[in-house]
$ cat input_19.txt   # compact mmCIF, C-alpha atoms
# COMPACT_ATOMS: atom_id res chain seq x y z
CA MET A 252 -49.44 -117.32 43.89
CA ASP A 253 -46.52 -116.31 41.64
CA ASP A 254 -45.26 -112.89 42.74
CA LYS A 255 -43.28 -112.35 39.53
CA VAL A 256 -44.97 -110.10 37.00
CA SER A 257 -43.99 -110.44 33.36
CA ASN A 258 -42.70 -107.35 31.60
CA GLN A 259 -45.36 -107.79 28.93
CA ASN A 260 -48.20 -107.78 31.46
CA ARG A 261 -46.66 -104.84 33.27
CA ARG A 262 -46.53 -102.83 30.04
CA LYS A 263 -50.18 -103.67 29.31
CA LEU A 264 -51.16 -102.53 32.79
CA LEU A 265 -49.27 -99.25 32.43
CA GLN A 266 -50.90 -98.56 29.08
CA ALA A 267 -54.37 -99.25 30.47
CA LEU A 268 -53.75 -96.88 33.38
CA GLY A 269 -52.60 -94.09 31.10
CA VAL A 270 -49.00 -94.04 32.21
CA GLY A 271 -45.93 -94.51 30.05
CA THR A 272 -43.10 -96.99 30.14
CA VAL A 273 -41.29 -97.86 33.34
CA VAL A 274 -37.99 -96.01 33.50
CA ALA A 275 -35.61 -96.62 36.40
CA GLY A 276 -38.45 -98.22 38.36
CA ALA A 277 -40.83 -95.28 38.11
CA ALA A 278 -43.77 -94.73 35.79
CA SER A 279 -43.36 -91.74 33.50
CA ILE A 280 -46.49 -89.97 32.36
CA THR A 281 -47.37 -89.98 28.69
CA GLN A 282 -47.48 -86.54 27.13
CA PRO A 283 -50.88 -85.22 26.02
CA ALA A 284 -51.71 -85.32 22.38
CA GLN A 285 -51.82 -81.83 20.92
CA ALA A 286 -55.33 -80.70 20.13
CA ALA A 287 -55.93 -80.13 16.43
CA SER A 288 -57.48 -76.73 17.21
CA LYS A 289 -58.82 -74.76 20.14
CA LEU A 290 -62.30 -73.29 20.29
CA LYS A 291 -62.14 -69.49 20.49
CA THR A 292 -64.43 -68.13 23.19
CA SER A 293 -64.58 -65.38 25.78
CA ALA A 294 -66.78 -67.47 28.08
CA HIS A 295 -66.19 -67.43 31.82
CA ILE A 296 -66.09 -70.92 33.31
CA ALA A 297 -66.24 -71.26 37.09
CA ILE A 298 -65.02 -74.55 38.59
CA LEU A 299 -66.15 -75.24 42.15
CA GLY A 300 -63.56 -77.41 43.84
CA SER A 301 -59.93 -78.30 43.30
CA GLY A 302 -59.92 -82.02 43.94
CA LEU A 303 -59.11 -84.46 41.15
CA GLY A 304 -62.22 -83.55 39.11
CA GLY A 305 -61.89 -79.78 39.39
CA ILE A 306 -58.20 -79.57 38.52
CA ALA A 307 -58.51 -82.15 35.74
CA MET A 308 -61.25 -80.05 34.18
CA ALA A 309 -59.22 -76.85 34.51
CA ASN A 310 -56.28 -78.42 32.70
CA ARG A 311 -58.39 -79.98 29.98
CA LEU A 312 -60.39 -76.83 29.30
CA SER A 313 -57.23 -74.74 29.23
CA ASN A 314 -55.95 -77.02 26.46
CA MET A 315 -59.24 -77.03 24.54
CA LEU A 316 -60.28 -73.37 24.66
CA ASP A 317 -58.69 -70.17 23.38
CA GLY A 318 -59.60 -66.99 25.23
CA ALA A 319 -61.79 -68.47 27.94
CA LYS A 320 -61.56 -67.20 31.51
CA ILE A 321 -61.30 -70.09 33.96
CA THR A 322 -61.81 -69.54 37.69
CA ILE A 323 -61.26 -72.19 40.36
CA VAL A 324 -63.10 -71.54 43.62
CA ASP A 325 -61.67 -73.52 46.54
CA GLY A 326 -60.06 -72.50 49.82
CA LYS A 327 -57.95 -75.63 50.19
CA GLU A 328 -54.21 -75.21 49.61
CA GLU A 329 -53.28 -78.85 50.19
CA HIS A 330 -54.10 -81.53 47.65
CA ASN A 331 -54.67 -84.99 49.08
CA TYR A 332 -54.33 -88.26 47.20
CA GLN A 333 -57.32 -89.84 48.89
CA PRO A 334 -57.04 -93.27 47.17
CA GLY A 335 -53.82 -93.70 49.17
CA TYR A 336 -55.44 -93.25 52.57
CA THR A 337 -56.09 -96.98 53.02
CA LEU A 338 -52.40 -97.68 52.37
CA VAL A 339 -51.42 -95.12 55.02
CA ALA A 340 -54.02 -96.42 57.48
CA SER A 341 -52.76 -99.99 57.14
CA GLY A 342 -49.07 -99.17 57.49
CA VAL A 343 -48.05 -99.66 53.86
CA TRP A 344 -47.32 -96.03 52.89
CA PRO A 345 -45.95 -93.07 54.84
CA VAL A 346 -48.39 -90.18 55.10
CA GLU A 347 -46.18 -87.91 52.96
CA LYS A 348 -47.14 -89.89 49.85
CA VAL A 349 -50.72 -88.58 49.97
CA ARG A 350 -49.94 -84.89 50.54
CA ASP A 351 -49.26 -82.39 47.72
CA ARG A 352 -50.05 -78.75 46.87
CA ASN A 353 -52.97 -77.69 44.69
CA ALA A 354 -50.90 -74.88 43.18
CA ASP A 355 -48.50 -77.41 41.69
CA PHE A 356 -51.23 -78.84 39.47
CA HIS A 357 -53.18 -75.76 38.36
CA PRO A 358 -52.72 -74.71 34.72
CA SER A 359 -51.18 -71.31 34.07
CA GLY A 360 -53.45 -68.37 33.33
CA ILE A 361 -56.38 -69.33 35.55
CA THR A 362 -57.84 -67.34 38.43
CA TRP A 363 -57.82 -69.02 41.83
CA VAL A 364 -60.30 -67.70 44.39
CA LYS A 365 -59.07 -69.12 47.69
CA GLU A 366 -62.45 -69.30 49.35
CA MET A 367 -65.13 -71.98 49.54
CA VAL A 368 -68.40 -71.67 47.66
CA ALA A 369 -71.20 -70.72 50.03
CA GLU A 370 -74.16 -70.27 47.70
CA ILE A 371 -75.11 -71.06 44.11
CA ASP A 372 -77.79 -69.02 42.37
CA ALA A 373 -78.28 -71.10 39.23
CA PRO A 374 -81.02 -68.96 37.64
CA ALA A 375 -78.76 -65.89 37.96
CA ASN A 376 -75.56 -67.75 36.94
CA THR A 377 -73.90 -66.48 40.10
CA ILE A 378 -72.03 -67.99 43.02
CA THR A 379 -71.24 -66.42 46.38
CA THR A 380 -68.08 -67.38 48.26
CA SER A 381 -67.56 -67.84 51.99
CA GLY A 382 -65.91 -64.42 52.02
CA GLY A 383 -68.91 -62.75 50.40
CA GLN A 384 -67.57 -62.42 46.85
CA LYS A 385 -70.16 -62.70 44.10
CA ILE A 386 -68.86 -64.33 40.93
CA LYS A 387 -70.80 -64.35 37.67
CA TYR A 388 -70.25 -67.27 35.31
CA ASP A 389 -71.30 -68.35 31.85
CA TYR A 390 -70.64 -72.04 32.51
CA LEU A 391 -70.28 -73.88 35.77
CA VAL A 392 -68.44 -77.09 36.66
CA VAL A 393 -69.50 -78.46 40.04
CA ALA A 394 -66.64 -80.51 41.49
CA THR A 395 -67.14 -79.79 45.18
CA GLY A 396 -66.88 -83.35 46.40
CA LEU A 397 -69.10 -84.32 49.30
CA VAL A 398 -69.58 -83.68 53.01
CA MET A 399 -69.02 -86.22 55.77
CA ASP A 400 -71.79 -85.78 58.33
CA TRP A 401 -69.78 -86.62 61.45
CA ASN A 402 -72.26 -84.62 63.54
CA LEU A 403 -74.79 -87.42 62.96
CA ILE A 404 -72.61 -89.70 65.10
CA GLU A 405 -73.25 -88.56 68.67
CA GLY A 406 -70.08 -88.18 70.73
CA MET A 407 -67.73 -88.39 67.74
CA ASP A 408 -64.48 -86.42 68.02
CA LEU A 409 -62.18 -86.48 64.99
CA ASN A 410 -59.29 -85.33 67.15
CA ALA A 411 -59.61 -88.55 69.16
CA ILE A 412 -58.89 -90.80 66.17
CA GLY A 413 -55.85 -92.90 67.04
CA SER A 414 -56.69 -93.16 70.75
CA ASN A 415 -58.98 -95.51 72.67
CA GLY A 416 -59.25 -97.78 69.64
CA LEU A 417 -61.01 -95.14 67.52
CA ALA A 418 -60.14 -95.16 63.82
CA SER A 419 -61.33 -93.81 60.49
CA VAL A 420 -59.57 -93.73 57.14
CA TYR A 421 -61.86 -91.02 55.75
CA PRO A 422 -61.33 -87.56 57.32
CA SER A 423 -57.74 -86.65 56.41
CA PRO A 424 -54.15 -87.84 55.96
CA GLN A 425 -53.61 -87.25 59.66
CA ALA A 426 -56.61 -89.42 60.53
CA ALA A 427 -55.32 -92.18 58.24
CA GLU A 428 -51.93 -92.05 59.99
CA ALA A 429 -53.59 -92.09 63.40
CA THR A 430 -55.75 -95.03 62.30
CA TRP A 431 -52.59 -97.06 61.68
CA LYS A 432 -51.49 -96.27 65.23
CA ALA A 433 -54.83 -97.49 66.58
CA MET A 434 -54.67 -100.60 64.40
CA GLN A 435 -51.20 -101.49 65.65
CA GLU A 436 -52.31 -101.18 69.27
CA TYR A 437 -55.35 -103.34 68.60
CA VAL A 438 -53.40 -106.03 66.77
CA SER A 439 -50.90 -106.28 69.65
CA LYS A 440 -53.69 -107.08 72.14
CA GLY A 441 -56.59 -108.50 70.14
CA GLY A 442 -60.20 -108.17 71.23
CA GLN A 443 -63.29 -106.92 69.42
CA ALA A 444 -62.96 -104.96 66.17
CA VAL A 445 -66.08 -103.25 64.84
CA MET A 446 -66.06 -102.06 61.22
CA THR A 447 -68.90 -99.90 59.92
CA LEU A 448 -70.68 -98.87 56.73
CA PRO A 449 -73.26 -96.04 56.57
CA ALA A 450 -76.66 -96.22 54.90
CA THR A 451 -75.93 -93.30 52.55
CA ALA A 452 -74.02 -93.07 49.30
CA LEU A 453 -70.33 -92.67 50.10
CA LYS A 454 -66.99 -92.03 48.49
CA CYS A 455 -64.97 -95.18 47.81
CA ALA A 456 -67.54 -97.66 49.06
CA GLY A 457 -64.81 -100.31 49.04
CA ALA A 458 -62.67 -98.56 51.68
CA PRO A 459 -64.54 -100.02 54.71
CA LEU A 460 -64.10 -103.49 53.17
CA LYS A 461 -60.41 -102.89 52.46
CA MET A 462 -59.85 -101.83 56.05
CA THR A 463 -61.59 -104.99 57.25
CA PHE A 464 -59.32 -107.14 55.11
CA MET A 465 -56.22 -105.29 56.29
CA VAL A 466 -57.18 -105.62 59.96
CA CYS A 467 -57.55 -109.35 59.40
CA ASP A 468 -54.23 -109.47 57.55
CA ARG A 469 -52.40 -107.64 60.34
CA LEU A 470 -53.95 -109.95 62.96
CA LYS A 471 -52.92 -113.02 60.97
CA ARG A 472 -49.36 -111.77 60.51
CA ALA A 473 -49.10 -111.10 64.23
CA GLY A 474 -50.48 -114.53 65.11
CA MET A 475 -53.42 -112.88 66.89
CA LEU A 476 -56.42 -114.12 64.88
CA ASP A 477 -57.43 -116.54 67.60
CA LYS A 478 -57.41 -113.70 70.15
CA ALA A 479 -59.58 -111.37 68.10
CA GLN A 480 -63.08 -111.06 66.69
CA VAL A 481 -63.87 -108.86 63.71
CA MET A 482 -67.44 -107.68 63.15
CA PHE A 483 -68.75 -105.70 60.15
CA LYS A 484 -71.89 -103.65 60.74
CA SER A 485 -73.57 -102.43 57.55
CA GLY A 486 -76.23 -99.73 57.52
CA VAL A 487 -77.87 -101.39 54.50
CA LYS A 488 -78.81 -104.93 53.47
CA ASN A 489 -75.46 -105.80 51.91
CA ILE A 490 -71.80 -104.86 52.20
CA PHE A 491 -71.22 -103.93 48.53
CA GLY A 492 -73.64 -102.88 45.80
CA VAL A 493 -72.35 -105.33 43.17
CA LYS A 494 -73.68 -108.79 44.06
CA ALA A 495 -70.78 -110.78 42.64
CA VAL A 496 -68.34 -108.71 44.67
CA ASN A 497 -70.56 -108.78 47.75
CA ASP A 498 -70.72 -112.58 47.71
CA ASN A 499 -67.00 -112.96 46.97
CA VAL A 500 -65.99 -110.75 49.89
CA LEU A 501 -68.37 -112.47 52.31
CA ALA A 502 -66.89 -115.84 51.38
CA ARG A 503 -63.38 -114.53 52.03
CA TRP A 504 -64.41 -113.00 55.34
CA GLU A 505 -65.91 -116.29 56.44
CA GLU A 506 -62.40 -117.78 56.38
CA PHE A 507 -61.34 -115.12 58.90
CA GLY A 508 -64.46 -115.56 61.01
CA VAL A 509 -65.73 -112.05 60.29
CA LYS A 510 -69.33 -111.66 61.46
CA THR A 511 -71.74 -109.35 59.62
CA ASP A 512 -74.79 -107.42 60.81
CA TYR A 513 -77.10 -105.61 58.41
CA GLU A 514 -79.33 -102.51 58.72
CA SER A 515 -77.16 -101.45 61.64
CA LYS A 516 -76.29 -97.72 61.48
CA LEU A 517 -73.60 -96.15 63.65
CA VAL A 518 -75.31 -93.28 65.49
CA GLY A 519 -73.17 -92.73 68.57
CA VAL A 520 -69.88 -93.46 70.27
CA ASP A 521 -68.56 -93.30 73.83
CA ILE A 522 -64.88 -92.90 73.07
CA GLY A 523 -63.58 -93.17 76.62
CA GLY A 524 -65.84 -96.13 77.37
CA ARG A 525 -65.09 -97.80 74.02
CA LYS A 526 -68.75 -98.30 73.23
CA ALA A 527 -70.55 -97.77 69.93
CA TYR A 528 -74.28 -97.32 69.44
CA PHE A 529 -76.21 -98.54 66.42
CA GLU A 530 -79.71 -97.91 65.15
CA THR A 531 -81.30 -101.19 64.02
CA PRO A 532 -84.82 -102.37 63.09
CA ALA A 533 -85.03 -103.75 66.64
CA GLY A 534 -84.02 -100.43 68.22
CA ARG A 535 -80.83 -98.86 69.58
CA VAL A 536 -78.04 -101.37 70.27
CA GLU A 537 -74.84 -100.92 72.29
CA GLN A 538 -71.64 -102.61 71.11
CA ALA A 539 -68.38 -102.70 73.07
CA TYR A 540 -65.20 -102.52 71.04
CA ASP A 541 -61.43 -102.53 71.25
CA PHE A 542 -61.09 -101.12 67.72
CA LEU A 543 -63.78 -99.16 65.91
CA HIS A 544 -63.52 -98.05 62.27
CA ALA A 545 -66.10 -95.29 61.97
CA VAL A 546 -67.56 -94.25 58.61
CA PRO A 547 -70.02 -91.33 58.65
CA PRO A 548 -73.14 -90.68 56.58
CA MET A 549 -72.28 -88.57 53.53
CA ARG A 550 -74.15 -85.97 51.45
CA ALA A 551 -73.64 -83.08 49.07
CA PRO A 552 -72.20 -79.81 50.43
CA ASP A 553 -74.73 -77.23 51.63
CA ALA A 554 -74.01 -74.90 48.70
CA VAL A 555 -75.25 -77.61 46.32
CA LYS A 556 -77.85 -79.20 48.57
CA ASN A 557 -79.58 -75.87 49.22
CA SER A 558 -79.47 -74.72 45.59
CA ASP A 559 -81.75 -75.32 42.65
CA LEU A 560 -79.07 -77.61 41.21
CA ALA A 561 -79.88 -80.45 43.63
CA TRP A 562 -82.26 -83.31 42.90
CA LYS A 563 -85.74 -82.33 44.12
CA GLU A 564 -87.24 -85.82 44.15
CA GLY A 565 -86.19 -89.44 43.91
CA PRO A 566 -83.50 -91.42 45.74
CA MET A 567 -80.82 -88.73 45.30
CA ALA A 568 -82.87 -85.87 46.75
CA GLY A 569 -82.27 -86.73 50.40
CA GLY A 570 -78.53 -86.26 50.06
CA GLY A 571 -78.87 -83.11 48.00
CA TRP A 572 -76.80 -84.59 45.18
CA LEU A 573 -76.30 -82.69 41.91
CA GLU A 574 -79.04 -83.41 39.36
CA VAL A 575 -77.07 -84.46 36.30
CA ASP A 576 -77.97 -86.69 33.39
CA LYS A 577 -76.09 -89.89 34.18
CA ALA A 578 -75.08 -90.40 30.53
CA THR A 579 -73.77 -86.89 29.75
CA LEU A 580 -73.10 -85.50 33.28
CA GLN A 581 -74.78 -82.29 32.12
CA HIS A 582 -77.32 -80.80 34.51
CA LYS A 583 -80.84 -81.89 33.62
CA ARG A 584 -82.37 -78.39 33.98
CA TYR A 585 -79.42 -76.02 33.55
CA PRO A 586 -77.51 -76.94 30.36
CA ASN A 587 -74.61 -74.59 31.20
CA VAL A 588 -73.83 -76.63 34.33
CA PHE A 589 -71.86 -79.88 34.47
CA GLY A 590 -70.88 -82.11 37.37
CA ILE A 591 -67.88 -84.31 37.98
CA GLY A 592 -66.86 -86.54 40.86
CA ASP A 593 -68.43 -87.34 44.22
CA VAL A 594 -71.10 -84.61 44.13
CA ASN A 595 -72.93 -86.12 41.16
CA GLY A 596 -76.32 -87.66 41.84
CA THR A 597 -75.73 -90.75 39.72
CA PRO A 598 -76.32 -94.42 40.57
CA ARG A 599 -72.62 -95.03 41.16
CA GLY A 600 -69.32 -93.29 40.71
CA LYS A 601 -67.76 -91.75 43.82
CA THR A 602 -64.21 -92.88 43.04
CA ALA A 603 -61.09 -91.38 41.48
CA ALA A 604 -61.36 -93.96 38.69
CA THR A 605 -64.76 -92.53 37.76
CA VAL A 606 -63.20 -89.08 37.41
CA LYS A 607 -60.42 -90.52 35.23
CA LYS A 608 -62.99 -92.03 32.86
CA SER A 609 -65.47 -89.14 32.90
CA ALA A 610 -63.21 -86.05 32.81
CA PRO A 611 -62.52 -86.26 29.04
CA LEU A 612 -66.24 -86.70 28.38
CA VAL A 613 -67.32 -83.79 30.60
CA ALA A 614 -64.72 -81.46 29.08
CA HIS A 615 -65.78 -82.51 25.58
CA HIS A 616 -69.45 -81.94 26.36
CA LEU A 617 -68.82 -78.53 27.92
CA VAL A 618 -66.85 -77.40 24.86
CA GLN A 619 -69.63 -78.72 22.61
CA THR A 620 -72.17 -76.73 24.63
CA ILE A 621 -70.11 -73.55 24.28
CA ALA A 622 -70.03 -74.21 20.52
CA GLY A 623 -73.83 -74.54 20.44
CA GLN A 624 -73.83 -78.32 19.97
CA ASN A 625 -75.47 -81.11 21.95
CA PRO A 626 -73.47 -83.63 24.00
CA ASP A 627 -72.82 -86.69 21.86
CA GLN A 628 -71.03 -89.17 24.16
CA VAL A 629 -72.38 -91.58 26.76
CA PHE A 630 -70.80 -92.29 30.12
CA ASP A 631 -71.39 -95.83 31.34
CA GLY A 632 -70.79 -95.11 35.03
CA TYR A 633 -67.36 -96.72 35.10
CA THR A 634 -66.15 -97.33 38.64
CA SER A 635 -63.02 -99.13 39.76
CA CYS A 636 -62.14 -100.51 43.17
CA PRO A 637 -58.69 -102.02 43.83
CA MET A 638 -59.82 -104.19 46.75
CA LEU A 639 -56.96 -104.78 49.16
CA ILE A 640 -57.04 -108.37 50.41
CA ARG A 641 -53.71 -108.47 52.23
CA GLU A 642 -50.35 -106.83 51.89
CA GLY A 643 -49.08 -107.96 48.48
CA SER A 644 -52.45 -109.02 47.07
CA ALA A 645 -55.61 -107.30 45.83
CA MET A 646 -58.56 -107.65 43.46
CA LEU A 647 -59.15 -105.13 40.68
CA ILE A 648 -62.92 -104.71 40.50
CA GLU A 649 -64.37 -102.61 37.65
CA PHE A 650 -68.09 -102.15 37.01
CA ASP A 651 -70.67 -99.86 35.41
CA TYR A 652 -73.93 -98.19 36.44
CA ASP A 653 -75.77 -101.49 36.22
CA GLY A 654 -73.31 -103.29 38.49
CA LYS A 655 -71.98 -105.31 35.57
CA LEU A 656 -68.33 -106.30 35.88
CA ILE A 657 -66.37 -104.72 33.01
CA PRO A 658 -62.72 -105.77 33.42
CA SER A 659 -60.37 -103.76 31.24
CA LEU A 660 -57.18 -105.77 31.78
CA PRO A 661 -57.24 -109.28 30.31
CA MET A 662 -54.47 -110.47 32.64
CA ILE A 663 -56.54 -109.70 35.77
CA ASP A 664 -59.67 -111.62 36.81
CA PRO A 665 -61.77 -109.11 38.81
CA LEU A 666 -62.79 -111.68 41.42
CA GLN A 667 -59.37 -113.27 41.88
CA GLU A 668 -56.71 -111.72 44.07
CA SER A 669 -53.34 -111.10 42.45
CA TYR A 670 -50.02 -109.39 42.94
CA MET A 671 -50.65 -107.52 39.68
CA ALA A 672 -53.69 -105.77 41.17
CA TRP A 673 -51.69 -105.00 44.30
CA LEU A 674 -48.85 -103.55 42.21
CA MET A 675 -51.33 -101.29 40.46
CA LYS A 676 -52.69 -99.96 43.77
CA TYR A 677 -49.30 -99.73 45.49
CA ARG A 678 -47.12 -98.32 42.75
CA LEU A 679 -48.97 -97.30 39.57
CA LEU A 680 -52.20 -95.55 40.50
CA LYS A 681 -50.58 -92.41 41.95
CA PRO A 682 -48.71 -91.61 38.68
CA ALA A 683 -51.93 -92.29 36.76
CA TYR A 684 -53.82 -89.98 39.14
CA VAL A 685 -51.30 -87.18 38.53
CA ALA A 686 -51.70 -87.69 34.79
CA VAL A 687 -55.46 -87.22 35.17
CA LEU A 688 -54.91 -84.08 37.27
CA LYS A 689 -52.75 -82.60 34.51
CA GLY A 690 -55.32 -83.44 31.83
CA ARG A 691 -53.05 -85.94 30.10
CA VAL A 692 -55.26 -89.03 30.30

$ encode --input "input_19.txt" --output "structure tokens"
Amino acid sequence: MDDKVSNQNRRKLLQALGVGTVVAGAASITQPAQAASKLKTSAHIAILGSGLGGIAMANRLSNMLDGAKITIVDGKEEHNYQPGYTLVASGVWPVEKVRDRNADFHPSGITWVKEMVAEIDAPANTITTSGGQKIKYDYLVVATGLVMDWNLIEGMDLNAIGSNGLASVYPSPQAAEATWKAMQEYVSKGGQAVMTLPATALKCAGAPLKMTFMVCDRLKRAGMLDKAQVMFKSGVKNIFGVKAVNDNVLARWEEFGVKTDYESKLVGVDIGGRKAYFETPAGRVEQAYDFLHAVPPMRAPDAVKNSDLAWKEGPMAGGGWLEVDKATLQHKRYPNVFGIGDVNGTPRGKTAATVKKSAPLVAHHLVQTIAGQNPDQVFDGYTSCPMLIREGSAMLIEFDYDGKLIPSLPMIDPLQESYMAWLMKYRLLKPAYVAVLKGRV
């Protein structure tokens, strides 16, 4: 593979990501186009959550509305660049690259309630915070993200990640850093690696696959492949919901000797004994390990799950996901409520790339609703997964609600690994993410 990237292709990639020209080796963010006019309104808009979706919406609405009151409800002070966790957990990035402050990205003039949402009373247009505050809203943006149900894995202790071969890229920057420590220890000795995938919807469904590839890459670089066995245990009947990607990854894993088990759900762990327990159609199974990458079941936060905003029937009801129209991301029963990000009960879309594509549409639709108009745009469910294959190479996989591959960059084949896709993940996505946060793309 040629590791040299042409300037022309690099410029095309930057433009597609929403970042400007490369100056002194760093991507500079394009400035937002000035809105022709702002809609005058005294409406109060409450935004639940200050992750990528919540802050992006706050910035966009601040630029689109004149006179609106915007309140962000979220107790978190630190902002984490979660797409970078796999790079931290595989030793590519230092942990500092994924840690920022929420306050640095909030638009001026908003109200920040530094508490978590505890209850949503949709019929009364009211939320209650963890501190007991009651906040009345005219319009609501639900951007709470999701909850990782670690308590459904018996014996799990997040503080133990990094020791006794226990790893997980998901909980926090600290866990990602500790996972790299565990991976290094495993690679130095070899043995049995067990990678897992839950049976629920989850954020960044490609992360467990990326970690599997990077474990294999680290073993190969250390000359330890012949002293190791990597096993992937999926809680469902596949490893990825897009068949073309699923088959491509399985073929690549076969070259590394990765074994796969299906309908095998992680339900328990004996950390000191280095044993994992899985629920399978044949019953409970014990699996010894030297390295375990644990991924928990995931669901909507209690405030959403226990409210009238959650799906009441169908495949999304069990997780308590937000009942939005998948095309408009407007709530199906409460037209003054919109959802963005991981909390949405849509067929796909729990990635930062989905927020990048949907934030302009959601902001547009909310402003239309304030103006008494109906949403007029259609979201296709765009999801993107930069699939790490090894250090220096990745695949850029983009698809829609139907699982159809929809590549946006003509120089990148979605099922072929390339340095270009790696460059995007390693160097360009963080500036693009910040541009989305600031409402610029």

$ closest_residue --input "input_19.txt" --among "A:Met465, A:Ala568, A:Leu680, A:Ala603" --to "Arg550 of chain A" --atoms "only C-alpha atoms"
A:Ala568

$ residues_around --input "input_19.txt" --residues "segment 291-302 of chain A" --least-positions-apart "2" --cutoff "7 Å" --atoms "only C-alpha atoms" --output "list in words"
Lys289, Gly304, Gly305, Ile306, Leu316, Asp317, Gly318, Ala319, Lys320, Ile321, Thr322, Ile323, Val324, Asp325, His330, Val368, Tyr388, Asp389, Tyr390, Leu391, Val392, Val393, Ala394 and Thr395 of chain A

$ residues_around --input "input_19.txt" --residues "Ala604 of chain A" --least-positions-apart "2" --cutoff "7 Å" --atoms "all atoms listed in the file" --output "ChimeraX atom specification"
/A:602,606-608,634-635

$ closest_residue --input "input_19.txt" --among "A:Ser414, A:Thr511, A:Asn489, A:Thr451" --to "Leu397 of chain A" --atoms "only C-alpha atoms"
A:Thr451

$ residues_around --input "input_19.txt" --residues "Phe483 of chain A" --least-positions-apart "5" --cutoff "8 Å" --atoms "only C-alpha atoms" --output "ChimeraX atom specification"
/A:445-448,463,509-512

$ write_last_selection --input "input_19.txt" --atoms "C-alpha atoms" --output "PDB file, in the frame of the given file"
ATOM      1  CA  VAL A 445     -66.080-103.250  64.840  1.00  0.00           C
ATOM      2  CA  MET A 446     -66.060-102.060  61.220  1.00  0.00           C
ATOM      3  CA  THR A 447     -68.900 -99.900  59.920  1.00  0.00           C
ATOM      4  CA  LEU A 448     -70.680 -98.870  56.730  1.00  0.00           C
ATOM      5  CA  THR A 463     -61.590-104.990  57.250  1.00  0.00           C
ATOM      6  CA  VAL A 509     -65.730-112.050  60.290  1.00  0.00           C
ATOM      7  CA  LYS A 510     -69.330-111.660  61.460  1.00  0.00           C
ATOM      8  CA  THR A 511     -71.740-109.350  59.620  1.00  0.00           C
ATOM      9  CA  ASP A 512     -74.790-107.420  60.810  1.00  0.00           C
TER      10      ASP A 512
END

$ residues_around --input "input_19.txt" --residues "Thr597 of chain A" --least-positions-apart "5" --cutoff "8 Å" --atoms "only C-alpha atoms" --output "number ranges by chain"
A: 567, 575-577

$ write_last_selection --input "input_19.txt" --atoms "C-alpha atoms" --output "PDB file, in the coordinates of the input"
ATOM      1  CA  MET A 567     -80.820 -88.730  45.300  1.00  0.00           C
ATOM      2  CA  VAL A 575     -77.070 -84.460  36.300  1.00  0.00           C
ATOM      3  CA  ASP A 576     -77.970 -86.690  33.390  1.00  0.00           C
ATOM      4  CA  LYS A 577     -76.090 -89.890  34.180  1.00  0.00           C
TER       5      LYS A 577
END

$ atom_distance --input "input_19.txt" --atom1 "atom CA of Pro611 of chain A" --atom2 "atom CA of Met315 of chain A"
10.8 Å
